[in-house]
Structures are given as structure tokens and as C-alpha cells.
$ cat data.csv   # CSV, C-alpha atoms
chain,number,residue,atom,x,y,z
Z,1,MET,CA,0.0,0.0,0.0
Z,2,GLY,CA,2.5,2.6,-1.2
Z,3,ASN,CA,5.8,3.5,0.3
Z,4,SER,CA,6.0,3.4,4.1
Z,5,LEU,CA,8.9,3.8,6.4
Z,6,SER,CA,9.3,2.7,10.0
Z,7,CYS,CA,12.1,4.5,11.6
Z,8,CYS,CA,13.8,3.3,14.8
Z,9,LEU,CA,13.7,6.4,17.0
Z,10,SER,CA,14.3,4.5,20.1
Z,11,PRO,CA,17.7,2.9,20.4
Z,12,ASN,CA,16.4,-0.3,22.0
Z,13,ALA,CA,14.2,-0.9,19.0
Z,14,CYS,CA,17.2,-1.7,16.8
Z,15,PRO,CA,18.1,-5.4,16.7
Z,16,LYS,CA,21.9,-4.6,16.7
Z,17,SER,CA,21.8,-2.2,19.6
Z,18,GLY,CA,21.5,-3.4,23.2
Z,19,ARG,CA,21.7,0.0,24.7
Z,20,ARG,CA,18.7,1.9,26.1
Z,21,ARG,CA,20.5,5.3,26.2
Z,22,GLY,CA,23.1,6.9,24.0
Z,23,SER,CA,23.3,7.6,20.3
Z,24,ALA,CA,21.7,5.3,17.8
Z,25,ASP,CA,23.7,2.5,16.2
Z,26,PRO,CA,25.2,3.6,12.8
Z,27,ASP,CA,24.5,0.1,11.4
Z,28,CYS,CA,20.8,0.5,12.2
Z,29,GLU,CA,20.7,3.9,10.7
Z,30,SER,CA,22.3,2.7,7.5
Z,31,GLU,CA,19.7,0.0,7.2
Z,32,VAL,CA,16.9,2.4,7.5
Z,33,TYR,CA,18.4,4.8,4.9
Z,34,LYS,CA,18.9,1.9,2.5
Z,35,ALA,CA,15.3,0.8,2.9
Z,36,ALA,CA,14.2,4.3,2.2
Z,37,ALA,CA,16.3,4.6,-0.9
Z,38,GLY,CA,15.1,1.3,-2.3
Z,39,ASN,CA,11.4,2.1,-1.7
Z,40,ALA,CA,11.2,-0.9,0.6
Z,41,VAL,CA,9.4,-1.4,3.9
Z,42,ALA,CA,11.6,-1.5,6.9
Z,43,VAL,CA,10.0,-3.4,9.7
Z,44,ALA,CA,11.6,-3.5,13.1
Z,45,PRO,CA,11.5,-6.9,14.8
Z,46,ALA,CA,10.4,-5.3,18.1
Z,47,ALA,CA,7.6,-2.7,18.6
Z,48,ALA,CA,9.2,0.7,18.3
Z,49,THR,CA,7.5,2.5,21.1
Z,50,VAL,CA,8.7,6.1,21.4
Z,51,GLU,CA,9.1,7.1,25.0
Z,52,PRO,CA,9.9,10.8,25.7
Z,53,ALA,CA,12.1,9.8,28.6
Z,54,GLU,CA,14.2,7.6,26.4
Z,55,LEU,CA,14.8,10.1,23.6
Z,56,ASP,CA,18.4,11.5,23.6
Z,57,PHE,CA,19.4,14.3,21.4
Z,58,ALA,CA,22.8,15.1,22.8
Z,59,GLY,CA,24.5,11.7,22.8
Z,60,GLY,CA,24.5,10.6,26.4
Z,61,GLU,CA,22.4,13.1,28.4
Z,62,GLY,CA,18.6,13.5,28.2
Z,63,HIS,CA,17.2,17.0,27.5
Z,64,HIS,CA,13.5,16.2,27.7
Z,65,LEU,CA,11.8,19.3,29.1
Z,66,GLN,CA,8.7,18.5,31.2
Z,67,HIS,CA,5.8,20.9,30.9
Z,68,ILE,CA,5.2,23.2,33.8
Z,69,SER,CA,1.7,21.9,34.4
Z,70,ASP,CA,3.1,18.3,34.7
Z,71,ARG,CA,5.7,19.5,37.2
Z,72,GLU,CA,3.1,21.2,39.3
Z,73,MET,CA,0.8,18.2,39.3
Z,74,PRO,CA,1.6,15.8,42.2
Z,75,GLU,CA,2.7,12.4,41.0
Z,76,ASP,CA,0.1,10.5,43.0
Z,77,LEU,CA,-2.7,12.8,41.6
Z,78,ALA,CA,-1.5,12.8,38.0
Z,79,LEU,CA,-2.4,9.1,37.5
Z,80,GLU,CA,-6.2,9.7,37.5
Z,81,PRO,CA,-8.1,12.8,36.6
Z,82,ASN,CA,-9.5,14.6,39.6
Z,83,PRO,CA,-13.2,15.6,39.1
Z,84,SER,CA,-12.6,18.9,40.9
Z,85,ASP,CA,-9.8,19.8,38.6
Z,86,HIS,CA,-10.6,18.3,35.2
Z,87,PRO,CA,-13.9,19.1,33.4
Z,88,ARG,CA,-14.1,15.7,31.7
Z,89,ALA,CA,-13.8,13.7,34.9
Z,90,SER,CA,-17.1,12.6,36.4
Z,91,THR,CA,-18.1,14.1,39.7
Z,92,ILE,CA,-18.3,11.9,42.7
Z,93,PHE,CA,-21.7,12.7,44.2
Z,94,PRO,CA,-23.9,11.4,41.3
Z,95,SER,CA,-22.4,7.9,41.7
Z,96,LYS,CA,-23.1,8.1,45.4
Z,97,SER,CA,-26.8,8.9,44.8
Z,98,GLN,CA,-27.6,6.5,42.0
Z,99,THR,CA,-27.9,3.5,44.3
Z,100,ASP,CA,-30.6,5.1,46.4
Z,101,VAL,CA,-32.4,6.5,43.3
Z,102,ARG,CA,-32.6,3.0,41.7
Z,103,GLU,CA,-33.7,1.4,44.9
Z,104,LYS,CA,-36.5,4.0,45.4
Z,105,ARG,CA,-37.8,3.5,41.9
Z,106,ARG,CA,-37.7,-0.3,42.2
Z,107,SER,CA,-39.5,-0.1,45.5
Z,108,ASN,CA,-42.2,2.1,44.1
Z,109,HIS,CA,-42.6,-0.2,41.1
Z,110,PHE,CA,-42.9,-3.4,43.1
Z,111,ASN,CA,-45.2,-1.9,45.7
Z,112,HIS,CA,-47.4,-0.2,43.1
Z,113,VAL,CA,-47.0,3.1,44.7
Z,114,SER,CA,-49.0,5.7,42.9
Z,115,PRO,CA,-47.1,8.9,42.2
Z,116,GLY,CA,-50.2,10.9,43.1
Z,117,GLN,CA,-50.7,14.3,41.8
Z,118,LEU,CA,-48.0,15.4,39.4
Z,119,THR,CA,-46.1,18.3,40.8
Z,120,LYS,CA,-43.6,18.7,38.0
Z,121,LYS,CA,-44.8,20.9,35.2
Z,122,TYR,CA,-43.9,20.2,31.6
Z,123,SER,CA,-43.7,22.7,28.7
Z,124,SER,CA,-46.2,22.4,25.8
Z,125,CYS,CA,-46.7,24.1,22.4
Z,126,SER,CA,-48.7,26.9,24.0
Z,127,THR,CA,-46.9,27.2,27.4
Z,128,ILE,CA,-43.2,27.2,28.3
Z,129,PHE,CA,-42.2,26.8,31.9
Z,130,LEU,CA,-38.8,28.2,33.1
Z,131,ASP,CA,-37.1,28.5,36.4
Z,132,ASP,CA,-35.1,31.5,37.5
Z,133,SER,CA,-31.8,29.5,37.8
Z,134,THR,CA,-29.1,29.7,35.2
Z,135,VAL,CA,-25.5,28.7,35.2
Z,136,SER,CA,-24.4,32.3,35.6
Z,137,GLN,CA,-27.1,33.2,38.1
Z,138,PRO,CA,-28.3,30.1,40.0
Z,139,ASN,CA,-31.1,30.2,42.5
Z,140,LEU,CA,-29.6,30.4,46.0
Z,141,ARG,CA,-32.2,28.3,47.8
Z,142,THR,CA,-32.3,25.6,45.2
Z,143,THR,CA,-28.6,25.4,44.9
Z,144,VAL,CA,-28.1,25.1,48.7
Z,145,LYS,CA,-30.7,22.3,48.8
Z,146,CYS,CA,-28.9,20.4,46.0
Z,147,MET,CA,-25.6,20.9,47.6
Z,148,THR,CA,-26.8,19.6,51.0
Z,149,LEU,CA,-28.3,16.6,49.2
Z,150,ALA,CA,-25.0,15.8,47.6
Z,151,ILE,CA,-23.3,16.0,51.1
Z,152,TYR,CA,-26.0,13.7,52.5
Z,153,TYR,CA,-25.2,11.0,49.9
Z,154,HIS,CA,-21.5,11.5,50.5
Z,155,ILE,CA,-22.0,10.6,54.1
Z,156,LYS,CA,-24.6,7.9,53.6
Z,157,ASN,CA,-22.7,6.0,50.9
Z,158,ARG,CA,-19.2,6.6,52.1
Z,159,ASP,CA,-16.6,3.9,51.5
Z,160,ALA,CA,-15.0,4.0,54.9
Z,161,ASP,CA,-14.5,6.3,58.0
Z,162,ARG,CA,-11.1,7.7,57.2
Z,163,SER,CA,-10.7,11.1,58.9
Z,164,LEU,CA,-8.1,13.5,60.3
Z,165,ASP,CA,-7.9,14.8,63.9
Z,166,ILE,CA,-8.3,18.5,62.8
Z,167,PHE,CA,-11.8,17.7,61.4
Z,168,ASP,CA,-12.9,15.3,64.2
Z,169,GLU,CA,-15.7,16.9,66.2
Z,170,ARG,CA,-15.0,14.7,69.1
Z,171,LEU,CA,-11.6,16.3,69.5
Z,172,HIS,CA,-12.6,19.8,68.3
Z,173,PRO,CA,-16.3,20.2,69.3
Z,174,LEU,CA,-18.3,23.1,67.9
Z,175,THR,CA,-20.3,23.4,71.2
Z,176,ARG,CA,-19.6,23.1,74.8
Z,177,GLU,CA,-22.5,20.8,75.5
Z,178,LYS,CA,-21.4,17.2,75.9
Z,179,ILE,CA,-22.5,15.2,72.8
Z,180,PRO,CA,-23.3,11.6,73.4
Z,181,GLU,CA,-21.3,9.0,71.6
Z,182,GLU,CA,-24.4,7.6,69.9
Z,183,TYR,CA,-24.7,10.9,68.0
Z,184,PHE,CA,-21.7,10.0,65.9
Z,185,GLU,CA,-22.9,6.5,65.2
Z,186,HIS,CA,-25.8,7.6,63.0
Z,187,ASP,CA,-25.8,9.4,59.7
Z,188,PRO,CA,-27.4,12.9,59.9
Z,189,GLU,CA,-30.6,13.6,58.0
Z,190,GLN,CA,-30.7,15.7,54.9
Z,191,LYS,CA,-32.9,18.4,56.6
Z,192,PHE,CA,-30.5,18.7,59.5
Z,193,ILE,CA,-27.6,19.2,57.1
Z,194,TYR,CA,-29.6,21.8,55.2
Z,195,ARG,CA,-30.3,23.7,58.4
Z,196,PHE,CA,-26.6,23.8,59.4
Z,197,VAL,CA,-25.5,24.9,55.9
Z,198,HIS,CA,-28.2,27.5,55.6
Z,199,THR,CA,-27.1,29.1,58.9
Z,200,LEU,CA,-23.5,29.2,57.9
Z,201,SER,CA,-24.1,30.4,54.3
Z,202,SER,CA,-26.3,33.3,55.7
Z,203,ALA,CA,-23.6,34.3,58.1
Z,204,ALA,CA,-20.8,34.1,55.5
Z,205,GLN,CA,-23.0,35.9,52.9
Z,206,LEU,CA,-22.5,32.9,50.5
Z,207,THR,CA,-23.8,33.3,47.0
Z,208,ALA,CA,-25.3,30.5,44.9
Z,209,GLU,CA,-22.1,30.3,42.9
Z,210,GLY,CA,-20.2,30.0,46.1
Z,211,ALA,CA,-22.4,27.1,47.1
Z,212,VAL,CA,-21.4,25.2,44.0
Z,213,VAL,CA,-17.7,26.0,44.7
Z,214,THR,CA,-18.2,24.7,48.3
Z,215,LEU,CA,-19.0,21.3,46.9
Z,216,VAL,CA,-16.0,21.5,44.6
Z,217,TYR,CA,-13.7,22.2,47.5
Z,218,LEU,CA,-15.3,19.5,49.5
Z,219,GLU,CA,-14.7,16.8,46.9
Z,220,ARG,CA,-11.2,18.1,46.2
Z,221,LEU,CA,-10.4,17.7,49.9
Z,222,LEU,CA,-11.8,14.2,50.0
Z,223,THR,CA,-9.7,13.3,47.0
Z,224,TYR,CA,-6.4,15.0,47.9
Z,225,ALA,CA,-6.4,14.0,51.5
Z,226,GLU,CA,-7.9,10.5,50.9
Z,227,ILE,CA,-10.5,10.8,53.6
Z,228,ASP,CA,-14.2,10.3,53.9
Z,229,ILE,CA,-16.9,12.6,55.2
Z,230,CYS,CA,-18.7,10.9,58.1
Z,231,PRO,CA,-20.8,11.8,61.1
Z,232,THR,CA,-17.7,12.7,63.1
Z,233,ASN,CA,-16.2,15.3,60.7
Z,234,TRP,CA,-18.9,16.5,58.3
Z,235,LYS,CA,-19.6,19.7,60.2
Z,236,ARG,CA,-16.1,20.9,60.3
Z,237,ILE,CA,-15.4,19.9,56.7
Z,238,VAL,CA,-18.4,21.8,55.5
Z,239,LEU,CA,-17.5,24.8,57.7
Z,240,GLY,CA,-14.0,24.9,56.2
Z,241,ALA,CA,-15.3,24.6,52.6
Z,242,ILE,CA,-17.8,27.4,53.1
Z,243,LEU,CA,-15.2,29.7,54.6
Z,244,LEU,CA,-12.9,29.2,51.6
Z,245,ALA,CA,-15.7,29.6,49.1
Z,246,SER,CA,-16.9,32.8,50.6
Z,247,LYS,CA,-13.4,34.3,50.9
Z,248,PHE,CA,-11.8,33.3,47.6
Z,249,TRP,CA,-14.6,32.8,45.2
Z,250,ASP,CA,-17.1,35.4,46.3
Z,251,ASP,CA,-14.1,37.7,47.3
Z,252,ARG,CA,-15.8,38.9,50.4
Z,253,ALA,CA,-14.0,40.3,53.5
Z,254,VAL,CA,-15.3,37.6,55.8
Z,255,TRP,CA,-13.5,37.3,59.1
Z,256,ASN,CA,-13.5,34.1,61.1
Z,257,VAL,CA,-14.6,36.0,64.1
Z,258,ASP,CA,-17.9,36.7,62.4
Z,259,ASP,CA,-18.6,33.0,62.2
Z,260,CYS,CA,-17.6,32.7,65.8
Z,261,GLN,CA,-20.6,34.8,66.6
Z,262,ILE,CA,-22.9,32.1,65.3
Z,263,LEU,CA,-20.8,29.2,66.6
Z,264,LYS,CA,-20.3,30.9,69.9
Z,265,ASP,CA,-18.4,28.0,71.5
Z,266,VAL,CA,-15.7,27.9,68.8
Z,267,THR,CA,-12.6,30.0,69.2
Z,268,VAL,CA,-11.0,32.1,66.5
Z,269,GLU,CA,-7.7,30.1,67.0
Z,270,ASP,CA,-9.5,26.9,66.2
Z,271,MET,CA,-11.1,28.4,63.1
Z,272,ASN,CA,-7.8,29.7,61.9
Z,273,GLU,CA,-6.0,26.4,62.5
Z,274,MET,CA,-8.7,24.4,60.6
Z,275,GLU,CA,-8.6,26.8,57.7
Z,276,ARG,CA,-4.8,26.6,57.5
Z,277,HIS,CA,-5.0,22.8,57.5
Z,278,PHE,CA,-7.7,22.8,54.9
Z,279,LEU,CA,-5.6,24.9,52.5
Z,280,GLU,CA,-2.5,22.7,53.1
Z,281,LEU,CA,-4.5,19.6,52.3
Z,282,LEU,CA,-5.8,21.2,49.1
Z,283,GLN,CA,-2.1,22.0,48.4
Z,284,PHE,CA,-3.3,25.6,48.1
Z,285,ASN,CA,-5.1,24.7,44.9
Z,286,ILE,CA,-8.2,26.9,45.2
Z,287,ASN,CA,-8.6,27.6,41.5
Z,288,VAL,CA,-11.9,26.4,40.0
Z,289,PRO,CA,-12.1,26.6,36.2
Z,290,PHE,CA,-15.4,27.7,34.8
Z,291,SER,CA,-15.7,24.4,32.9
Z,292,VAL,CA,-15.5,22.5,36.3
Z,293,TYR,CA,-18.0,24.9,37.8
Z,294,ALA,CA,-20.5,24.4,35.0
Z,295,LYS,CA,-20.1,20.6,35.3
Z,296,TYR,CA,-20.9,20.7,39.0
Z,297,TYR,CA,-23.8,23.0,38.4
Z,298,PHE,CA,-25.5,20.8,35.8
Z,299,ASP,CA,-24.8,17.7,37.8
Z,300,LEU,CA,-26.6,19.3,40.8
Z,301,ARG,CA,-29.6,20.1,38.6
Z,302,SER,CA,-29.6,16.4,37.5
Z,303,LEU,CA,-29.5,15.4,41.2
Z,304,ALA,CA,-32.5,17.6,41.9
Z,305,ASP,CA,-34.4,16.1,39.1
Z,306,ASP,CA,-33.6,12.5,40.1
Z,307,ASN,CA,-34.7,13.2,43.7
Z,308,ASN,CA,-37.8,15.1,42.7
Z,309,LEU,CA,-36.8,18.3,44.5
Z,310,ASN,CA,-39.4,21.0,44.1
Z,311,VAL,CA,-38.0,23.7,41.8
Z,312,LEU,CA,-40.1,26.8,41.3
Z,313,VAL,CA,-41.0,27.2,37.7
Z,314,THR,CA,-43.2,29.9,36.1
Z,315,PRO,CA,-44.8,30.2,32.7
Z,316,LEU,CA,-42.8,32.3,30.2
Z,317,SER,CA,-44.7,35.6,29.9
Z,318,LYS,CA,-44.4,38.0,27.0
Z,319,GLU,CA,-42.5,40.5,29.0
Z,320,ARG,CA,-40.0,37.9,30.2
Z,321,ALA,CA,-39.5,36.6,26.7
Z,322,GLN,CA,-38.7,40.1,25.5
Z,323,ASN,CA,-36.2,40.5,28.2
Z,324,LEU,CA,-34.5,37.2,27.2
Z,325,GLU,CA,-34.5,38.2,23.6
Z,326,ALA,CA,-33.0,41.6,24.4
Z,327,ILE,CA,-30.2,40.0,26.4
Z,328,SER,CA,-29.5,37.5,23.6
Z,329,ARG,CA,-29.4,40.3,21.1
Z,330,LEU,CA,-27.0,42.2,23.2
Z,331,CYS,CA,-24.6,39.3,23.3
Z,332,ASP,CA,-25.0,38.8,19.6
Z,333,ASP,CA,-24.1,42.5,19.1
Z,334,LYS,CA,-21.0,42.1,21.2
Z,335,TYR,CA,-19.9,39.2,19.1
Z,336,LYS,CA,-20.4,41.2,15.9
Z,337,ASP,CA,-18.3,44.0,17.4
Z,338,VAL,CA,-15.4,41.6,17.9
Z,339,CYS,CA,-15.7,40.2,14.4
Z,340,ARG,CA,-15.8,43.7,13.0
Z,341,ALA,CA,-12.6,44.7,14.9
Z,342,ALA,CA,-10.9,41.6,13.5
Z,343,MET,CA,-12.0,42.2,9.9
Z,344,ARG,CA,-9.2,42.9,7.5
Z,345,ARG,CA,-9.1,46.0,5.3
Z,346,SER,CA,-8.8,44.0,2.2
Z,347,VAL,CA,-12.1,42.3,2.7
Z,348,SER,CA,-14.8,43.4,0.2
Z,349,ALA,CA,-17.5,45.7,1.3
Z,350,ASP,CA,-20.1,43.2,0.1
Z,351,ASN,CA,-19.2,41.0,3.1
Z,352,PHE,CA,-19.7,43.7,5.6
Z,353,ILE,CA,-22.4,43.0,8.1
Z,354,GLY,CA,-24.1,46.0,9.6
Z,355,ILE,CA,-24.3,46.0,13.3
Z,356,ARG,CA,-27.7,46.6,14.7
Z,357,ARG,CA,-27.8,48.4,18.1
Z,358,SER,CA,-30.4,47.4,20.6
Z,359,ASN,CA,-31.1,48.3,24.2
Z,360,ALA,CA,-31.1,45.4,26.7
Z,361,ILE,CA,-34.1,45.3,29.0
Z,362,LEU,CA,-32.9,43.8,32.2
Z,363,SER,CA,-35.5,42.5,34.6
$ encode --input "data.csv" --output "C-alpha cells"
Amino acid sequence: MGNSLSCCLSPNACPKSGRRRGSADPDCESEVYKAAAGNAVAVAPAAATVEPAELDFAGGEGHHLQHISDREMPEDLALEPNPSDHPRASTIFPSKSQTDVREKRRSNHFNHVSPGQLTKKYSSCSTIFLDDSTVSQPNLRTTVKCMTLAIYYHIKNRDADRSLDIFDERLHPLTREKIPEEYFEHDPEQKFIYRFVHTLSSAAQLTAEGAVVTLVYLERLLTYAEIDICPTNWKRIVLGAILLASKFWDDRAVWNVDDCQILKDVTVEDMNEMERHFLELLQFNINVPFSVYAKYYFDLRSLADDNNLNVLVTPLSKERAQNLEAISRLCDDKYKDVCRAAMRRSVSADNFIGIRRSNAILS
């Protein structure tokens, strides 16, 4: 099938060379050149796998330069993509919830449980139902509910009870009241987690975007530190994630002493130490790409749909449709402005697209 050439770039691929490093064998090179000159096919007896670490361009010393992103990535974390760092890696909490969702559906099917009155509204040809939550402006209450539900499934379907002393509530209690040991033997309910998170998010002035980032930090901590969120540490882990999200993502001047006014039995020194350990365990990686943020946002919406969480939807009115159209037209005008700025002078005037100005109507 035509002229092809298989070149031995790796020294160990040559049958006459037993070296793994160093310059290539001249005999091997001559055979390759002869095969090329005669329009023949040179097939190496061994698979010629090119490994960057084995390439040598200076005759004895390797000069392979590693990319800076590879050098900054820890060796133990570079083996598998981390869902909190890579947009293509699947998030953790959906897999934790799928077991319960399947069991609930199977139980309802076998027991012939009637769904009752349908609470979910569907769009039709004449009516379109939309919620007020978007990826850029999520609904705060709905996002917090979904985030607490993800934490609940993390605790319920955890693999083990691995923890660290800094997050252990038995060693660092959040209240002076003595908590019985039986309290840490049972998983907390979802409404109890929501009440705790709602109180902290209100004190830290956490936004809906910050709630999504809180879940990103939480799963990043579980992956980096190789621990599990369990009844003994979930409060302090959630507290540390909310503190970081409110400070670094929302860029708010939140002091730890403000949270101590809500958790009155917690000292500022304890909060500072926990936050410092949280950052060290994250390896000070608090960056959240927008692609990762969008992945977590849509996975949270899917989680809400699988668990039949009530999301407030309203019919699309004429005024709201005009507002959405005006915002869309404004974005289209900005795109045309960029295209016009990049247009070359030699382009014909026939291809010129007039830019239509429009005023956005913001609701």
C-alpha cells in the first residue's frame, strides 16, 4: 500500500543495539536509509515505542523538558483525573446517589405506589415553563438544597470512615455541650444538614455560585487528603469549605470572628487552624475553572431532578420573553463588534455585516 517507512527512533528498537540510552547505532541507521532509498518497507522486529524519557538528542544526556503543568501536578494525583480539577472527569456525588435512586424507583414499582398528583410541570406548544436558575445566576435556595443533598449522599454511601484529627468533632467540638457517643454512630438527616449549611451560608453571605464551589472544595479535599466525610467530621469539613468559598470565590471580606458569633463556643484560633490545614490539604489549589464549575452546576440540577426536588417554575410571559430576547441580542451585538474589529481592510465591502444596536431590557 504505497511507500512506508518505519524509523527506529528508540535505540532499544534496533536489533543490533542493546543500549537503552546513548546515540543510535550507525548500522541500524544505514539499514533504515537503505530501505528508504530502495522504496522498501523496513519493519523493526520489536515494537518501536517512542518514549519521551528515552529520547536522547545530545548523545548521552537527556534533555527532555517537562511541561510546567506536569511538574506542578503531584505524581500521585496525575495518575487519575481529579473531578474537581478536570472538566471531563465525572463528579463523585452522582455515583453516590444512583444506588438510592434506583432502589427508590424499584420499590415504588414493586409496591405499586402511585405517584399521586403530578407536581412537575412540563412545557407544551402553548406554554413554556422556566425557572429562575441559570449557570451564571443560580437560584440560591435551590442550589443550597442540592448541595446539602450531595453532602448527604456522600455521608450515607461513604466507602470508609477515614478522617483527620483536625476535622474530628469529638476532638474539636463546635459546642460546649457534651455530645453523646451515639450521636456519631448515626448518619445525619438531609434536613439537618440543610439547616446547618443554611445558617453558615447566611452568616458568610455565601452566594449561589459559592455554594457550587463549596461542593467542589469538599470533593477536592476528599480526593487530595484521601479521607471520607462521616458523622464525626462532616460539620467541620463543610464549615471549612464554606469559609474558603466565601473568601476566595465570592471575594468577600469575611472574618473568622464573624462565624464565631454564630458558633459561639468555637474560638478564633481553632477556626484559623482548621482553615490553614484545609488549605494545606488542598495544596493551596483553590482555583476552580469555569468548565469545572459548569459541570458541577448541571450535575446538581440532575441530582435535583432524580430526587424530585421542588424547583419553582413559572410560565414564560411576554415581558420575560422580550427580556431574554434583548439579552440574547446584546450578546450577539458584542460578538459582531469583535468580528468587525478583527475584519481585514482588504475584505470586500459586500461581506460587511451591519451592526444593529439594541437596548437590553434587564429584569
$ atom_distance --input "data.csv" --atom1 "atom CA of Leu312 of chain Z" --atom2 "atom CA of Thr199 of chain Z"
22.0 Å
$ atom_distance --input "data.csv" --atom1 "atom CA of Glu169 of chain Z" --atom2 "atom CA of Ile155 of chain Z"
15.0 Å
$ atom_distance --input "data.csv" --atom1 "atom CA of Asp187 of chain Z" --atom2 "atom CA of Asp161 of chain Z"
11.8 Å
$ residues_around --input "data.csv" --residues "Tyr152 of chain Z" --least-positions-apart "3" --cutoff "10 Å" --atoms "only C-alpha atoms" --output "ChimeraX atom specification"
/Z:93,96-97,146-149,155-158,187-194,229-230,234
$ write_last_selection --input "data.csv" --atoms "C-alpha atoms" --output "PDB file, keeping the file's coordinate frame"
ATOM      1  CA  PHE Z  93     -21.700  12.700  44.200  1.00  0.00           C
ATOM      2  CA  LYS Z  96     -23.100   8.100  45.400  1.00  0.00           C
ATOM      3  CA  SER Z  97     -26.800   8.900  44.800  1.00  0.00           C
ATOM      4  CA  CYS Z 146     -28.900  20.400  46.000  1.00  0.00           C
ATOM      5  CA  MET Z 147     -25.600  20.900  47.600  1.00  0.00           C
ATOM      6  CA  THR Z 148     -26.800  19.600  51.000  1.00  0.00           C
ATOM      7  CA  LEU Z 149     -28.300  16.600  49.200  1.00  0.00           C
ATOM      8  CA  ILE Z 155     -22.000  10.600  54.100  1.00  0.00           C
ATOM      9  CA  LYS Z 156     -24.600   7.900  53.600  1.00  0.00           C
ATOM     10  CA  ASN Z 157     -22.700   6.000  50.900  1.00  0.00           C
ATOM     11  CA  ARG Z 158     -19.200   6.600  52.100  1.00  0.00           C
ATOM     12  CA  ASP Z 187     -25.800   9.400  59.700  1.00  0.00           C
ATOM     13  CA  PRO Z 188     -27.400  12.900  59.900  1.00  0.00           C
ATOM     14  CA  GLU Z 189     -30.600  13.600  58.000  1.00  0.00           C
ATOM     15  CA  GLN Z 190     -30.700  15.700  54.900  1.00  0.00           C
ATOM     16  CA  LYS Z 191     -32.900  18.400  56.600  1.00  0.00           C
ATOM     17  CA  PHE Z 192     -30.500  18.700  59.500  1.00  0.00           C
ATOM     18  CA  ILE Z 193     -27.600  19.200  57.100  1.00  0.00           C
ATOM     19  CA  TYR Z 194     -29.600  21.800  55.200  1.00  0.00           C
ATOM     20  CA  ILE Z 229     -16.900  12.600  55.200  1.00  0.00           C
ATOM     21  CA  CYS Z 230     -18.700  10.900  58.100  1.00  0.00           C
ATOM     22  CA  TRP Z 234     -18.900  16.500  58.300  1.00  0.00           C
TER      23      TRP Z 234
END
$ closest_residue --input "data.csv" --among "Z:Tyr293, Z:Phe196, Z:Phe167, Z:Phe248" --to "Leu222 of chain Z" --atoms "only C-alpha atoms"
Z:Phe167
$ closest_residue --input "data.csv" --among "Z:Ala321, Z:Leu309, Z:Leu218, Z:Val135" --to "Ile286 of chain Z" --atoms "only C-alpha atoms"
Z:Leu218
$ closest_atom_pairs --input "data.csv" --of "segment 156-175 of chain Z" --to "segment 237-243 of chain Z" --cutoff "12 Å" --atoms "all atoms listed in the file" --output "Markdown table"
| residue | atom | partner | partner_atom | distance |
| --- | --- | --- | --- | --- |
| Z:Ser163 | CA | Z:Ile237 | CA | 10.2 |
| Z:Leu164 | CA | Z:Ile237 | CA | 10.4 |
| Z:Asp165 | CA | Z:Ile237 | CA | 11.6 |
| Z:Ile166 | CA | Z:Ile237 | CA | 9.5 |
| Z:Phe167 | CA | Z:Ile237 | CA | 6.3 |
| Z:Asp168 | CA | Z:Ile237 | CA | 9.1 |
| Z:Glu169 | CA | Z:Ile237 | CA | 10.0 |
| Z:His172 | CA | Z:Ile237 | CA | 11.9 |
| Z:Leu174 | CA | Z:Leu239 | CA | 10.4 |
$ write_last_selection --input "data.csv" --atoms "C-alpha atoms" --output "mmCIF file, keeping the file's coordinate frame"
data_model
loop_
_atom_site.group_PDB
_atom_site.id
_atom_site.type_symbol
_atom_site.label_atom_id
_atom_site.label_comp_id
_atom_site.auth_asym_id
_atom_site.auth_seq_id
_atom_site.Cartn_x
_atom_site.Cartn_y
_atom_site.Cartn_z
ATOM 1 C CA SER Z 163 -10.700 11.100 58.900
ATOM 2 C CA LEU Z 164 -8.100 13.500 60.300
ATOM 3 C CA ASP Z 165 -7.900 14.800 63.900
ATOM 4 C CA ILE Z 166 -8.300 18.500 62.800
ATOM 5 C CA PHE Z 167 -11.800 17.700 61.400
ATOM 6 C CA ASP Z 168 -12.900 15.300 64.200
ATOM 7 C CA GLU Z 169 -15.700 16.900 66.200
ATOM 8 C CA HIS Z 172 -12.600 19.800 68.300
ATOM 9 C CA LEU Z 174 -18.300 23.100 67.900
#
$ closest_residue --input "data.csv" --among "Z:Asn310, Z:Ser302, Z:Gln283, Z:Asn139" --to "Thr223 of chain Z" --atoms "only C-alpha atoms"
Z:Gln283
